[in-house]
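J.: Sharing final_23.cif, mmCIF, C-alpha atoms and all ligand atoms:
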data_start
loop_
_atom_site.label_atom_id
_atom_site.label_comp_id
_atom_site.auth_asym_id
_atom_site.auth_seq_id
_atom_site.Cartn_x
_atom_site.Cartn_y
_atom_site.Cartn_z
CA MET A 57 -18.61 -95.45 36.47
CA SER A 58 -21.81 -97.36 36.88
CA MET A 59 -23.51 -98.97 33.92
CA ILE A 60 -26.56 -96.72 34.42
CA ARG A 61 -24.41 -93.60 34.41
CA ARG A 62 -22.55 -94.85 31.30
CA LEU A 63 -25.85 -95.46 29.52
CA PHE A 64 -27.08 -92.03 30.58
CA LEU A 65 -23.95 -90.34 29.16
CA ALA A 66 -24.23 -92.29 25.91
CA ALA A 67 -27.85 -91.21 25.57
CA LEU A 68 -26.87 -87.62 26.30
CA ALA A 69 -24.11 -87.72 23.67
CA LEU A 70 -26.62 -89.00 21.13
CA LEU A 71 -29.04 -86.22 22.00
CA VAL A 72 -26.34 -83.57 21.66
CA ALA A 73 -25.12 -84.97 18.33
CA GLY A 74 -28.71 -85.09 17.05
CA SER A 75 -29.45 -81.50 17.88
CA PRO A 76 -28.56 -79.22 14.95
CA ALA A 77 -28.36 -76.15 17.19
CA LEU A 78 -25.67 -77.74 19.36
CA ALA A 79 -23.92 -79.65 16.58
CA ALA A 80 -23.38 -76.49 14.52
CA PRO A 81 -23.55 -73.49 16.81
CA SER A 82 -24.85 -70.43 14.98
CA ASP A 83 -22.91 -67.17 15.16
CA SER A 84 -24.64 -65.45 18.05
CA SER A 85 -23.08 -62.13 17.08
CA ALA A 86 -24.73 -62.18 13.63
CA PHE A 87 -27.77 -60.02 12.88
CA VAL A 88 -30.59 -61.90 11.22
CA ILE A 89 -33.15 -60.14 9.01
CA ALA A 90 -35.44 -61.43 6.27
CA GLY A 91 -33.62 -64.77 6.18
CA HIS A 92 -30.16 -63.17 5.87
CA SER A 93 -27.47 -63.52 8.53
CA ILE A 94 -25.09 -60.56 8.69
CA ALA A 95 -21.71 -61.03 10.42
CA SER A 96 -20.56 -58.47 12.97
CA GLY A 97 -18.50 -55.61 11.57
CA THR A 98 -20.00 -55.92 8.09
CA ARG A 99 -22.50 -54.22 5.80
CA ALA A 100 -25.17 -55.98 3.78
CA ASP A 101 -27.33 -54.54 0.99
CA LEU A 102 -30.52 -56.53 0.76
CA ARG A 103 -33.57 -56.60 -1.46
CA ILE A 104 -36.45 -57.85 0.65
CA ALA A 105 -38.79 -59.43 -1.89
CA VAL A 106 -42.46 -58.49 -1.64
CA PRO A 107 -44.33 -61.50 -3.11
CA ALA A 108 -46.47 -61.01 -6.21
CA GLY A 109 -49.92 -61.50 -4.65
CA ALA A 110 -52.77 -60.47 -6.97
CA ASP A 111 -51.24 -57.15 -8.09
CA GLY A 112 -47.55 -57.79 -8.73
CA GLU A 113 -44.25 -58.13 -6.90
CA THR A 114 -41.92 -55.42 -5.69
CA PHE A 115 -39.05 -55.17 -3.21
CA ILE A 116 -37.75 -53.16 -0.29
CA PRO A 117 -34.07 -52.09 -0.51
CA VAL A 118 -32.45 -52.28 2.93
CA THR A 119 -28.86 -51.66 4.01
CA VAL A 120 -27.78 -53.17 7.33
CA LEU A 121 -24.65 -51.92 9.09
CA HIS A 122 -23.93 -54.45 11.81
CA GLY A 123 -21.40 -53.30 14.39
CA THR A 124 -18.53 -55.15 16.01
CA LYS A 125 -19.80 -54.55 19.55
CA PRO A 126 -23.23 -55.35 20.98
CA GLY A 127 -25.68 -52.48 21.20
CA LYS A 128 -29.09 -51.21 20.18
CA VAL A 129 -30.75 -51.74 16.83
CA LEU A 130 -31.80 -48.43 15.26
CA ALA A 131 -34.22 -48.67 12.34
CA VAL A 132 -34.35 -45.62 10.05
CA VAL A 133 -37.12 -45.85 7.47
CA ALA A 134 -37.05 -43.55 4.42
CA GLY A 135 -39.48 -43.21 1.55
CA VAL A 136 -42.71 -44.50 3.11
CA HIS A 137 -44.02 -41.81 0.79
CA GLY A 138 -42.05 -42.18 -2.42
CA PHE A 139 -42.29 -38.49 -3.38
CA GLU A 140 -40.58 -37.33 -0.15
CA PHE A 141 -37.04 -37.28 -1.38
CA ALA A 142 -34.86 -35.84 1.41
CA SER A 143 -35.14 -39.01 3.53
CA ILE A 144 -34.26 -41.25 0.58
CA LEU A 145 -31.12 -39.24 -0.23
CA ALA A 146 -30.17 -39.15 3.47
CA ALA A 147 -30.44 -42.94 3.76
CA GLU A 148 -28.20 -43.32 0.70
CA ARG A 149 -25.60 -41.02 2.30
CA LEU A 150 -25.77 -42.67 5.74
CA ALA A 151 -25.07 -46.07 4.21
CA GLU A 152 -21.69 -44.71 3.03
CA ARG A 153 -20.85 -42.65 6.13
CA VAL A 154 -21.53 -45.14 8.92
CA ASP A 155 -18.68 -47.62 9.39
CA PRO A 156 -19.83 -50.95 10.88
CA ALA A 157 -16.31 -51.47 12.29
CA GLN A 158 -16.86 -48.41 14.52
CA LEU A 159 -20.43 -49.25 15.46
CA ALA A 160 -21.93 -50.79 18.60
CA GLY A 161 -25.23 -52.40 17.69
CA THR A 162 -26.92 -52.28 14.31
CA LEU A 163 -28.22 -49.60 11.97
CA VAL A 164 -31.00 -50.82 9.68
CA LEU A 165 -31.62 -48.38 6.83
CA VAL A 166 -34.76 -48.88 4.77
CA ARG A 167 -33.64 -46.85 1.77
CA VAL A 168 -37.03 -46.63 0.05
CA ALA A 169 -40.00 -48.25 1.78
CA ASN A 170 -42.33 -47.55 -1.13
CA ILE A 171 -40.47 -48.36 -4.37
CA PRO A 172 -43.63 -48.25 -6.56
CA GLY A 173 -44.43 -44.76 -5.21
CA PHE A 174 -40.83 -43.61 -5.73
CA GLU A 175 -40.34 -44.95 -9.23
CA GLY A 176 -43.89 -43.91 -10.15
CA ARG A 177 -43.22 -40.37 -8.77
CA SER A 178 -46.47 -40.63 -6.86
CA PRO A 179 -47.27 -38.44 -3.84
CA ASN A 180 -49.09 -40.02 -0.86
CA VAL A 181 -50.06 -43.35 -2.37
CA ASN A 182 -48.63 -46.43 -4.02
CA PRO A 183 -49.87 -46.09 -7.63
CA VAL A 184 -50.41 -49.87 -7.91
CA ASP A 185 -53.29 -50.11 -5.42
CA ARG A 186 -53.81 -46.38 -4.56
CA LYS A 187 -53.21 -47.09 -0.84
CA ASN A 188 -51.24 -44.87 1.54
CA LEU A 189 -48.50 -47.05 3.08
CA ASN A 190 -48.62 -44.86 6.18
CA ARG A 191 -52.23 -45.85 6.92
CA VAL A 192 -52.22 -49.64 6.49
CA PHE A 193 -49.99 -51.00 9.27
CA PRO A 194 -49.55 -53.70 10.50
CA GLY A 195 -50.27 -54.73 6.90
CA ASP A 196 -51.41 -58.08 5.57
CA PRO A 197 -49.30 -60.75 3.81
CA LYS A 198 -52.41 -61.69 1.79
CA GLY A 199 -53.54 -58.12 1.07
CA SER A 200 -52.80 -55.76 -1.80
CA GLN A 201 -49.23 -54.64 -2.58
CA THR A 202 -49.10 -51.75 -0.08
CA GLN A 203 -50.42 -54.03 2.69
CA ARG A 204 -47.77 -56.66 1.82
CA ILE A 205 -45.01 -54.02 2.02
CA ALA A 206 -46.32 -52.89 5.43
CA ASP A 207 -46.42 -56.47 6.69
CA LEU A 208 -42.76 -57.05 5.79
CA ILE A 209 -41.60 -53.74 7.29
CA ALA A 210 -43.49 -54.48 10.51
CA ARG A 211 -42.16 -58.05 10.88
CA GLU A 212 -38.65 -57.72 9.50
CA VAL A 213 -37.69 -54.17 10.45
CA VAL A 214 -39.81 -52.78 13.30
CA ALA A 215 -39.94 -56.05 15.24
CA ARG A 216 -36.12 -56.36 15.16
CA SER A 217 -35.43 -52.78 16.25
CA ASP A 218 -34.94 -51.13 19.65
CA PHE A 219 -35.70 -47.64 18.34
CA LEU A 220 -37.73 -46.60 15.30
CA MET A 221 -37.23 -43.45 13.26
CA ASP A 222 -39.60 -42.77 10.35
CA VAL A 223 -38.40 -39.97 8.07
CA HIS A 224 -40.76 -37.88 5.90
CA SER A 225 -41.13 -34.52 4.15
CA GLY A 226 -43.98 -32.36 3.04
CA ASP A 227 -45.27 -34.31 0.03
CA GLY A 228 -46.13 -32.94 -3.42
CA ALA A 229 -48.30 -29.78 -3.12
CA GLU A 230 -47.72 -29.62 0.65
CA PHE A 231 -46.03 -27.00 2.82
CA LEU A 232 -44.26 -27.96 6.06
CA ASP A 233 -42.03 -26.57 8.78
CA ALA A 234 -39.33 -28.99 9.96
CA PHE A 235 -40.35 -30.88 13.10
CA VAL A 236 -39.77 -34.05 15.03
CA GLY A 237 -42.70 -35.90 16.58
CA ALA A 238 -41.94 -37.97 19.68
CA TYR A 239 -44.40 -40.62 20.81
CA GLY A 240 -45.42 -40.39 24.47
CA GLY A 241 -48.38 -40.99 26.73
CA PRO A 242 -49.37 -44.14 28.61
CA LEU A 243 -49.24 -46.50 25.60
CA ALA A 244 -45.84 -45.40 24.25
CA THR A 245 -42.46 -46.73 25.36
CA ASP A 246 -39.63 -44.57 26.77
CA PHE A 247 -40.78 -41.08 25.79
CA PRO A 248 -37.75 -39.51 27.57
CA LEU A 249 -35.39 -41.38 25.22
CA ALA A 250 -37.52 -40.50 22.17
CA LEU A 251 -37.48 -36.83 23.25
CA LYS A 252 -33.71 -36.87 23.72
CA VAL A 253 -33.20 -38.27 20.22
CA ALA A 254 -35.79 -35.78 18.86
CA ARG A 255 -33.88 -32.85 20.36
CA GLY A 256 -30.69 -34.17 18.73
CA PHE A 257 -32.10 -33.16 15.33
CA GLY A 258 -32.05 -29.48 16.27
CA PHE A 259 -35.23 -28.83 14.30
CA PRO A 260 -37.33 -25.75 15.18
CA ASN A 261 -40.40 -27.71 16.35
CA ILE A 262 -41.01 -30.76 18.54
CA VAL A 263 -44.47 -32.31 18.89
CA ARG A 264 -45.40 -34.84 21.54
CA TYR A 265 -47.98 -37.31 20.27
CA ALA A 266 -49.59 -38.74 23.39
CA MET A 267 -50.86 -42.27 22.84
CA ASN A 268 -53.72 -42.53 25.31
CA THR A 269 -56.03 -45.09 23.72
CA GLN A 270 -55.65 -48.20 21.60
CA ALA A 271 -58.07 -46.65 19.06
CA GLN A 272 -55.56 -43.84 18.47
CA ILE A 273 -52.90 -46.43 17.63
CA ASP A 274 -55.16 -48.59 15.49
CA SER A 275 -57.19 -46.26 13.27
CA GLY A 276 -55.40 -45.86 9.92
CA ARG A 277 -52.21 -47.07 11.63
CA SER A 278 -49.04 -45.29 10.51
CA LEU A 279 -45.57 -46.82 10.65
CA ASN A 280 -44.91 -44.78 13.80
CA ARG A 281 -47.97 -46.15 15.50
CA GLN A 282 -46.83 -49.63 14.50
CA GLY A 283 -43.61 -48.84 16.38
CA VAL A 284 -45.68 -47.78 19.41
CA ALA A 285 -47.83 -50.93 19.13
CA MET A 286 -44.66 -53.07 19.16
CA GLY A 287 -43.27 -51.30 22.23
CA LYS A 288 -40.49 -49.37 20.46
CA PRO A 289 -39.46 -45.82 21.36
CA THR A 290 -40.43 -43.95 18.19
CA ILE A 291 -39.94 -40.62 16.48
CA LEU A 292 -41.29 -39.06 13.28
CA VAL A 293 -38.84 -36.79 11.41
CA GLU A 294 -40.27 -34.28 8.90
CA ILE A 295 -38.28 -31.79 6.81
CA GLY A 296 -38.72 -30.22 3.37
CA GLN A 297 -41.81 -29.68 1.29
CA ASN A 298 -43.30 -29.96 -2.15
CA GLY A 299 -41.19 -32.89 -3.28
CA SER A 300 -37.96 -30.90 -2.89
CA ARG A 301 -34.45 -32.40 -2.74
CA GLU A 302 -32.62 -29.58 -0.97
CA GLU A 303 -29.13 -30.41 0.19
CA SER A 304 -29.63 -28.64 3.54
CA HIS A 305 -32.55 -30.96 4.33
CA VAL A 306 -30.58 -34.08 3.46
CA ALA A 307 -27.65 -32.88 5.59
CA ALA A 308 -29.98 -32.10 8.52
CA ILE A 309 -31.39 -35.65 8.49
CA VAL A 310 -27.89 -37.18 8.28
CA ALA A 311 -26.70 -35.05 11.22
CA GLY A 312 -29.79 -35.95 13.25
CA VAL A 313 -29.34 -39.69 12.68
CA GLU A 314 -25.63 -39.47 13.54
CA ASN A 315 -26.53 -37.63 16.75
CA ALA A 316 -29.04 -40.40 17.47
CA LEU A 317 -26.26 -43.02 17.12
CA SER A 318 -24.33 -41.13 19.77
CA ILE A 319 -27.35 -40.66 22.11
CA LEU A 320 -28.23 -44.36 21.79
CA GLY A 321 -24.65 -45.37 22.69
CA MET A 322 -24.02 -46.87 19.25
CA CYS A 323 -20.94 -44.82 18.39
CA SER A 324 -18.25 -43.08 20.37
CA VAL A 325 -18.34 -39.86 18.32
CA PRO A 326 -19.75 -37.18 20.63
CA MET A 327 -23.05 -35.60 19.67
CA ARG A 328 -22.70 -32.47 17.56
CA ASP A 329 -24.43 -29.32 18.71
CA ALA A 330 -28.06 -29.24 17.71
CA ALA A 331 -29.53 -25.79 17.01
CA GLY A 332 -31.28 -23.71 19.71
CA PRO A 333 -34.36 -24.60 21.73
CA ALA A 334 -37.29 -25.95 19.78
CA ARG A 335 -40.88 -24.79 20.06
CA LEU A 336 -42.84 -27.47 21.90
CA PHE A 337 -46.30 -28.68 20.94
CA GLU A 338 -48.73 -31.09 22.55
CA GLY A 339 -50.35 -32.93 19.67
CA SER A 340 -52.01 -31.46 16.62
CA LEU A 341 -55.35 -31.37 14.89
CA GLY A 342 -56.27 -31.45 11.23
CA VAL A 343 -58.79 -29.08 9.65
CA LYS A 344 -60.77 -31.12 7.13
CA ALA A 345 -62.23 -30.01 3.85
CA SER A 346 -65.85 -31.04 3.24
CA HIS A 347 -65.77 -30.34 -0.52
CA SER A 348 -63.59 -31.34 -3.44
CA GLY A 349 -62.53 -28.67 -5.89
CA VAL A 350 -60.03 -25.83 -6.20
CA TYR A 351 -58.41 -24.73 -2.93
CA HIS A 352 -57.26 -21.15 -2.37
CA PRO A 353 -55.29 -20.94 0.90
CA THR A 354 -54.94 -17.52 2.53
CA LEU A 355 -51.21 -18.22 2.96
CA PRO A 356 -49.82 -21.67 2.11
CA ALA A 357 -46.95 -21.54 4.62
CA PRO A 358 -46.19 -22.44 8.24
CA ARG A 359 -47.48 -19.69 10.57
CA LEU A 360 -49.29 -18.88 13.79
CA LEU A 361 -53.07 -19.07 13.49
CA ALA A 362 -55.62 -17.45 15.77
CA LYS A 363 -58.95 -19.10 16.54
CA GLY A 364 -61.46 -18.07 13.87
CA GLU A 365 -58.79 -16.92 11.40
CA LEU A 366 -59.48 -17.66 7.74
CA ILE A 367 -57.32 -20.53 6.41
CA GLY A 368 -58.64 -20.62 2.86
CA ILE A 369 -61.62 -21.12 0.60
CA ILE A 370 -62.70 -23.88 -1.77
CA ARG A 371 -64.36 -23.15 -5.11
CA ASP A 372 -66.20 -25.72 -7.20
CA TYR A 373 -65.43 -26.18 -10.89
CA THR A 374 -67.75 -23.33 -11.86
CA GLY A 375 -65.72 -20.94 -9.68
CA ARG A 376 -68.42 -20.65 -7.01
CA GLU A 377 -67.21 -20.53 -3.40
CA VAL A 378 -68.47 -23.67 -1.63
CA GLU A 379 -66.52 -23.62 1.64
CA ARG A 380 -64.63 -21.26 3.96
CA LEU A 381 -62.18 -22.90 6.34
CA THR A 382 -61.25 -21.20 9.60
CA SER A 383 -58.98 -22.21 12.46
CA PRO A 384 -60.85 -23.86 15.34
CA VAL A 385 -58.00 -23.07 17.80
CA ASP A 386 -55.03 -20.86 18.51
CA GLY A 387 -51.99 -22.77 17.25
CA TYR A 388 -49.27 -23.16 14.68
CA ALA A 389 -49.90 -24.27 11.09
CA LEU A 390 -47.17 -26.90 10.99
CA TYR A 391 -48.02 -28.44 7.64
CA GLY A 392 -50.81 -28.47 5.10
CA ILE A 393 -51.71 -28.57 1.46
CA THR A 394 -50.91 -25.74 -0.90
CA GLY A 395 -53.61 -26.76 -3.37
CA PRO A 396 -54.98 -26.10 -5.82
CA PRO A 397 -56.37 -29.67 -5.78
CA VAL A 398 -58.40 -30.59 -2.70
CA GLU A 399 -60.55 -33.62 -2.05
CA ALA A 400 -63.35 -33.84 0.50
CA GLY A 401 -61.84 -35.37 3.66
CA ASP A 402 -58.35 -33.92 3.12
CA ASP A 403 -56.73 -32.09 6.02
CA VAL A 404 -56.01 -28.68 4.51
CA VAL A 405 -53.82 -27.76 7.46
CA THR A 406 -52.52 -29.51 10.57
CA ILE A 407 -52.36 -27.18 13.56
CA ALA A 408 -49.93 -27.97 16.37
CA ILE A 409 -51.03 -26.95 19.86
CA PRO A 410 -48.40 -24.91 21.74
CA ALA A 411 -47.08 -26.44 24.99
CA THR A 412 -44.97 -24.82 27.68
CA GLY A 413 -43.02 -28.03 28.44
CA PHE A 414 -43.29 -31.79 28.67
ZN ZN B 1 -44.85 -38.67 4.37
#
Render the structure in this file as structure tokens.
Ligand SMILES: [Zn+2]
T.:
Amino acid sequence: MSMIRRLFLAALALLVAGSPALAAPSDSSAFVIAGHSIASGTRADLRIAVPAGADGETFIPVTVLHGTKPGKVLAVVAGVHGFEFASILAAERLAERVDPAQLAGTLVLVRVANIPGFEGRSPNVNPVDRKNLNRVFPGDPKGSQTQRIADLIAREVVARSDFLMDVHSGDGAEFLDAFVGAYGGPLATDFPLALKVARGFGFPNIVRYAMNTQAQIDSGRSLNRQGVAMGKPTILVEIGQNGSREESHVAAIVAGVENALSILGMCSVPMRDAAGPARLFEGSLGVKASHSGVYHPTLPAPRLLAKGELIGIIRDYTGREVERLTSPVDGYALYGITGPPVEAGDDVVTIAIPATGF
């Protein structure tokens, strides 16, 4: 061996010894989230701390089930709205049912995204800063509490996932027919996979949300649209209404997520039968109230609506009728508010537009 070669090897050995990555190889099979490293085949229950900022600290409870074999990372987010209980109970049940030893890939369960909303029994908004978590993504680490929660969910959960599932219900004083929204269009990633997972829920309605422009993704960005923005196949799951905690709704979410694990190749259990063919819709539109006051819907329930049909009236606080709301299109009233409270700018009903196929 020449002296030059010997010197070169000595230098190389020094370099190797000095490099922490090579000196102590990290476990490449571990799943890393929010500074925690989770070994394969194990479960971890984490509290992701949301720093105090100007309006107080909170946390995000997350359970990670990290499989023994490599595979996709499925993020299931419950409780973005803390008064939508079915998702929160389903996440609790899934944490016990899914065995990391039998799993390929990783299931990340955000048990309650909005703890202040949940503990404060607050529909729509976080009571601390009165913001709707589903309108402030990607969030801001220096913003108010809801924005700080959104920032952590975007960076620690969505960014680490291969598929995003955001689970909601009709909120307090809202009606809703169960549906799954699948994100498609030119700016969404892998709509066919999202649709396949959506169908696995067996819900009666599927809506395609076509993402055609960046403005659609950015204005009042929801968690789903954050998923789209980060290039993740994404679905929105909605079941239950009026802050209910019906067992059948919880069971339907659990079955849908377990079917998703099978469709995504994360478990070897075959997919269970999902119920019959769903009605298909191409997007939806909201009918906005222009007045605040007391809302009297014609029928506060999911139903077909004809163009021009009366949806409801709004009275002011003297009882005088100030607004009549009619349907601008033929479609299906998928969800809406039951009233009686209504605020100017609220969507009183969201009408899904029937589609023959995708
Ligand atoms: Zn919601």
J.: For each of A:Val350, A:Val253, A:Ala330, A:Val313, take the minimum atom-to-atom distance to Thr374 of chain A, counting all atoms listed in the file, then give the residue where this is smallest.
T.: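 Closest residue, counting all atoms listed in the file: A:Val350.
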J.: Taking (-24.2, -36.1, 12.7) in the file's coordinates as the center, which residues reach within 12 Å of it, counting only C-alpha atoms, put as a PDB file with C-alpha atoms, keeping the file's coordinate frame?
T.:
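This is the output file part.pdb:
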ATOM      1  CA  ALA A 146     -30.170 -39.150   3.470  1.00  0.00           C
ATOM      2  CA  ARG A 149     -25.600 -41.020   2.300  1.00  0.00           C
ATOM      3  CA  LEU A 150     -25.770 -42.670   5.740  1.00  0.00           C
ATOM      4  CA  ARG A 153     -20.850 -42.650   6.130  1.00  0.00           C
ATOM      5  CA  VAL A 154     -21.530 -45.140   8.920  1.00  0.00           C
ATOM      6  CA  VAL A 253     -33.200 -38.270  20.220  1.00  0.00           C
ATOM      7  CA  GLY A 256     -30.690 -34.170  18.730  1.00  0.00           C
ATOM      8  CA  PHE A 257     -32.100 -33.160  15.330  1.00  0.00           C
ATOM      9  CA  GLY A 258     -32.050 -29.480  16.270  1.00  0.00           C
ATOM     10  CA  VAL A 306     -30.580 -34.080   3.460  1.00  0.00           C
ATOM     11  CA  ALA A 307     -27.650 -32.880   5.590  1.00  0.00           C
ATOM     12  CA  ALA A 308     -29.980 -32.100   8.520  1.00  0.00           C
ATOM     13  CA  ILE A 309     -31.390 -35.650   8.490  1.00  0.00           C
ATOM     14  CA  VAL A 310     -27.890 -37.180   8.280  1.00  0.00           C
ATOM     15  CA  ALA A 311     -26.700 -35.050  11.220  1.00  0.00           C
ATOM     16  CA  GLY A 312     -29.790 -35.950  13.250  1.00  0.00           C
ATOM     17  CA  VAL A 313     -29.340 -39.690  12.680  1.00  0.00           C
ATOM     18  CA  GLU A 314     -25.630 -39.470  13.540  1.00  0.00           C
ATOM     19  CA  ASN A 315     -26.530 -37.630  16.750  1.00  0.00           C
ATOM     20  CA  ALA A 316     -29.040 -40.400  17.470  1.00  0.00           C
ATOM     21  CA  LEU A 317     -26.260 -43.020  17.120  1.00  0.00           C
ATOM     22  CA  SER A 318     -24.330 -41.130  19.770  1.00  0.00           C
ATOM     23  CA  ILE A 319     -27.350 -40.660  22.110  1.00  0.00           C
ATOM     24  CA  CYS A 323     -20.940 -44.820  18.390  1.00  0.00           C
ATOM     25  CA  SER A 324     -18.250 -43.080  20.370  1.00  0.00           C
ATOM     26  CA  VAL A 325     -18.340 -39.860  18.320  1.00  0.00           C
ATOM     27  CA  PRO A 326     -19.750 -37.180  20.630  1.00  0.00           C
ATOM     28  CA  MET A 327     -23.050 -35.600  19.670  1.00  0.00           C
ATOM     29  CA  ARG A 328     -22.700 -32.470  17.560  1.00  0.00           C
ATOM     30  CA  ASP A 329     -24.430 -29.320  18.710  1.00  0.00           C
ATOM     31  CA  ALA A 330     -28.060 -29.240  17.710  1.00  0.00           C
TER      32      ALA A 330
END
J.: For ligand ZN 1 (chain B), which of A:Ser85, A:Thr162, A:Ser278, A:Asn268 is the closest residue, counting only C-alpha atoms and all ligand atoms?
T.: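 Smallest separation from ligand ZN 1 (chain B) among the options: A:Ser278.
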J.: For the contact check between chain A and ligand ZN 1 (chain B), emit one row per residue of chain A within 12 Å, containing the shortest atom pair and the distance in Å rounded to one decimal, counting all atoms listed in the file, chain then rising number order, as a Markdown table.
T.:
| residue | atom | partner | partner_atom | distance |
| --- | --- | --- | --- | --- |
| A:Val133 | CA | B:ZN1 | ZN | 11.0 |
| A:Ala134 | CA | B:ZN1 | ZN | 9.2 |
| A:Gly135 | CA | B:ZN1 | ZN | 7.6 |
| A:Val136 | CA | B:ZN1 | ZN | 6.3 |
| A:His137 | CA | B:ZN1 | ZN | 4.8 |
| A:Gly138 | CA | B:ZN1 | ZN | 8.1 |
| A:Phe139 | CA | B:ZN1 | ZN | 8.2 |
| A:Glu140 | CA | B:ZN1 | ZN | 6.4 |
| A:Phe141 | CA | B:ZN1 | ZN | 9.8 |
| A:Ala142 | CA | B:ZN1 | ZN | 10.8 |
| A:Ser143 | CA | B:ZN1 | ZN | 9.8 |
| A:Ile144 | CA | B:ZN1 | ZN | 11.5 |
| A:Val168 | CA | B:ZN1 | ZN | 12.0 |
| A:Ala169 | CA | B:ZN1 | ZN | 11.0 |
| A:Asn170 | CA | B:ZN1 | ZN | 10.7 |
| A:Gly173 | CA | B:ZN1 | ZN | 11.4 |
| A:Phe174 | CA | B:ZN1 | ZN | 11.9 |
| A:Ser178 | CA | B:ZN1 | ZN | 11.5 |
| A:Pro179 | CA | B:ZN1 | ZN | 8.6 |
| A:Asn180 | CA | B:ZN1 | ZN | 6.9 |
| A:Val181 | CA | B:ZN1 | ZN | 9.7 |
| A:Asn188 | CA | B:ZN1 | ZN | 9.3 |
| A:Leu189 | CA | B:ZN1 | ZN | 9.2 |
| A:Asn190 | CA | B:ZN1 | ZN | 7.5 |
| A:Arg191 | CA | B:ZN1 | ZN | 10.6 |
| A:Asp222 | CA | B:ZN1 | ZN | 9.0 |
| A:Val223 | CA | B:ZN1 | ZN | 7.5 |
| A:His224 | CA | B:ZN1 | ZN | 4.4 |
| A:Ser225 | CA | B:ZN1 | ZN | 5.6 |
| A:Gly226 | CA | B:ZN1 | ZN | 6.5 |
| A:Asp227 | CA | B:ZN1 | ZN | 6.2 |
| A:Gly228 | CA | B:ZN1 | ZN | 9.8 |
| A:Glu230 | CA | B:ZN1 | ZN | 10.2 |
| A:Phe231 | CA | B:ZN1 | ZN | 11.8 |
| A:Leu232 | CA | B:ZN1 | ZN | 10.9 |
| A:Ser278 | CA | B:ZN1 | ZN | 10.0 |
| A:Leu279 | CA | B:ZN1 | ZN | 10.3 |
| A:Asn280 | CA | B:ZN1 | ZN | 11.2 |
| A:Leu292 | CA | B:ZN1 | ZN | 9.6 |
| A:Val293 | CA | B:ZN1 | ZN | 9.4 |
| A:Glu294 | CA | B:ZN1 | ZN | 7.8 |
| A:Ile295 | CA | B:ZN1 | ZN | 9.8 |
| A:Gly296 | CA | B:ZN1 | ZN | 10.5 |
| A:Gln297 | CA | B:ZN1 | ZN | 10.0 |
| A:Asn298 | CA | B:ZN1 | ZN | 11.0 |
| A:Gly299 | CA | B:ZN1 | ZN | 10.3 |
| A:Tyr391 | CA | B:ZN1 | ZN | 11.2 |
| A:Gly392 | CA | B:ZN1 | ZN | 11.8 |
J.: Which value, in Å to one decimal, gives the distance between atom CA of Pro156 of chain A and atom CA of Arg99 of chain A?
T.: 6.6 Å
J.: Pick out the closest residue to Leu320 of chain A from this set: A:Glu379, A:Glu302, A:Glu365, A:Asp218. Count only C-alpha atoms.
T.: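 Closest to Leu320 of chain A, using only C-alpha atoms: A:Asp218.
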J.: Counting all atoms listed in the file, figure out which residue out of A:Leu243, A:Ile409, A:Ser300, A:Ala157 gets nearest to Lys125 of chain A.
T.: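 The closest residue to Lys125 of chain A is A:Ala157.
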J.: For Pro117 of chain A, which of A:Ala345, A:Val214, A:Leu360, A:Ala105 is the closest residue, counting only C-alpha atoms?
T.: A:Ala105
J.: Around the point (-34.8, -52.3, 20.8), in the coordinates given by the file, pick out the residues reaching within 6 Å, counting only C-alpha atoms, and return them as number ranges by chain.
T.: A: 128-129, 217-219
J.: Take the selection from the previous step and output its residues with C-alpha atoms, as a tab-separated table (two decimals), in the coordinates of the input.
T.:
chain	number	residue	atom	x	y	z
A	128	LYS	CA	-29.09	-51.21	20.18
A	129	VAL	CA	-30.75	-51.74	16.83
A	217	SER	CA	-35.43	-52.78	16.25
A	218	ASP	CA	-34.94	-51.13	19.65
A	219	PHE	CA	-35.70	-47.64	18.34
J.: A:Ile89, A:Ala110, A:Ala95, A:Leu220: which is nearest Val132 of chain A, counting all atoms listed in the file?
T.: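 Checking each of A:Ile89, A:Ala110, A:Ala95, A:Leu220 against Val132 of chain A, counting all atoms listed in the file, the winner is A:Leu220.
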J.: Separation of atom CA of Leu208 of chain A and atom CA of Ala250 of chain A, in Å?
T.: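 Distance reported for this atom pair: 23.9 Å.
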J.: Expressed in Å to a single decimal, how great is the separation between atom CA of Gly321 of chain A and atom CA of Gly91 of chain A?
T.: 27.0 Å
J.: Might you pull out every residue within 10 Å of Tyr239 of chain A, with only C-alpha atoms counted and same-chain residues fewer than 6 positions away left off, and present them as JSON, numbers by chain?
T.: {"A": [245, 246, 247, 248, 250, 251, 263, 264, 265, 266, 267, 280, 281, 283, 284, 288, 289, 290, 291, 292, 339]}
J.: Find the residues near Gln201 of chain A: any atom within 9 Å, counting all atoms listed in the file, skip ones fewer than 6 places away on the same chain, and give them as a ChimeraX atom specification.
T.: /A:106-114,182,184-185,187
J.: Any chance you can output those residues with C-alpha atoms as a short mmCIF file (atom, residue, chain, number, x, y, z; two decimals), keeping the file's coordinate frame?
T.:
data_model
loop_
_atom_site.label_atom_id
_atom_site.label_comp_id
_atom_site.auth_asym_id
_atom_site.auth_seq_id
_atom_site.Cartn_x
_atom_site.Cartn_y
_atom_site.Cartn_z
CA VAL A 106 -42.46 -58.49 -1.64
CA PRO A 107 -44.33 -61.50 -3.11
CA ALA A 108 -46.47 -61.01 -6.21
CA GLY A 109 -49.92 -61.50 -4.65
CA ALA A 110 -52.77 -60.47 -6.97
CA ASP A 111 -51.24 -57.15 -8.09
CA GLY A 112 -47.55 -57.79 -8.73
CA GLU A 113 -44.25 -58.13 -6.90
CA THR A 114 -41.92 -55.42 -5.69
CA ASN A 182 -48.63 -46.43 -4.02
CA VAL A 184 -50.41 -49.87 -7.91
CA ASP A 185 -53.29 -50.11 -5.42
CA LYS A 187 -53.21 -47.09 -0.84
#
